[in-house]
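Colleague: Just dropping this structure here.
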Amino acid sequence: MSSPHRTAAVQRDTSETQVRVAIDLDGSGAARLATGIGFFDHMLDQIARHGLIDLEVEARGDLHIDGHHTVEDVGITLGQAFARAVGDKTGIRRYGHAYVPLDEALSRVVIDFSGRPGLHLRVDFTAGSIGTLDTQLVHEFFQGFVNHAGVTLHIDNLHGHNAHHQCETIFKAFARALRMALEIDPRAAGSIPSTKGSL
């Protein structure tokens, strides 16, 4: 079943950051990323490639302080872009889940495009930073996304002792869960997947 491409572009400017995000939820996984934090770009690339989402992110932030504002504001702006692109959620599967391994690491992500922001994240990172990404900021990214996309998101790293592998598995699983939830269900006949009639 074909559907129109679901796209959005959002610009967020504050005294701390300038962020531009453009997405196509029905893309091919192409990405153009420039946040100034190399490992963060690598994680955003996982979202694009494994979610089959075309993604452009350009961020300029106060990295001379640290990466907090940049990472959080990218999450916020990405969430806003998803909310716009998804629209009223007609015909989507709504729920998505994925398990993704990488060597010794294994993560599970479950998402619901419910309209209700909620985050559970359980990742005991074994290192305080990966490249120049402070691992505490992974929570800030997903919290910003959840609050502005209006989704319920559960992320659990089930196994892992290499922080790079832990982080990569949660972003890949997030991408695959997004892909499942946002897929148009041919059996839904254009309905909204809720007994309330709206999400």
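Each chain of the structure tokens is named A, B, ... in the order shown, its residues numbered from 1; ligands are numbered from 1 in display order.
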List every residue of range 87-191 of chain A that DSSP, applied to the backbone of this structure, assigns to alpha helix (DSSP H), and report them as number ranges by chain.
Modeller: A: 137-149, 163-182
Colleague: I want to know what sits within 8 Å of range 46-58 of chain A, based on only C-alpha atoms, with residues of the same chain fewer than 5 positions away left out; could you give that as an MDAnalysis selection string?
Modeller: chainID A and resid 19:35 74 168 171:172 174:179
Colleague: With distances taken over only C-alpha atoms, which of A:Thr152, A:Arg122, A:Leu102, A:Pro117 is nearest to Gln166 in chain A?
Modeller: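 Looking at the shortest contact to Gln166 in chain A, the residue is A:Leu102.
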Colleague: Write out as number ranges by chain the set of residues from range 16-172 of chain A that DSSP, computed on the backbone, places in strand (DSSP E).
Modeller: A: 17-24, 31-34, 54-61, 95-102, 105-112, 118-122, 129-130, 133-134, 152-159
Colleague: Mind giving me the straight-line distance from CA of Thr90 in chain A to CA of Phe145 in chain A in Å, one decimal?
Modeller: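 These two atoms are separated by 20.9 Å.
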Colleague: Which residue, A:His148, A:Ile92, A:Leu158, A:Ile111, has the smallest gap to Val123 in chain A when you use only C-alpha atoms?
Modeller: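 Among the listed residues, the smallest separation from Val123 in chain A belongs to A:Leu158.
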Colleague: Taking only C-alpha atoms into account, which of A:Asp73, A:Glu140, A:Asp134, A:Asp88 comes nearest Ser194 in chain A?
Modeller: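 Nearest to Ser194 in chain A: A:Asp88.
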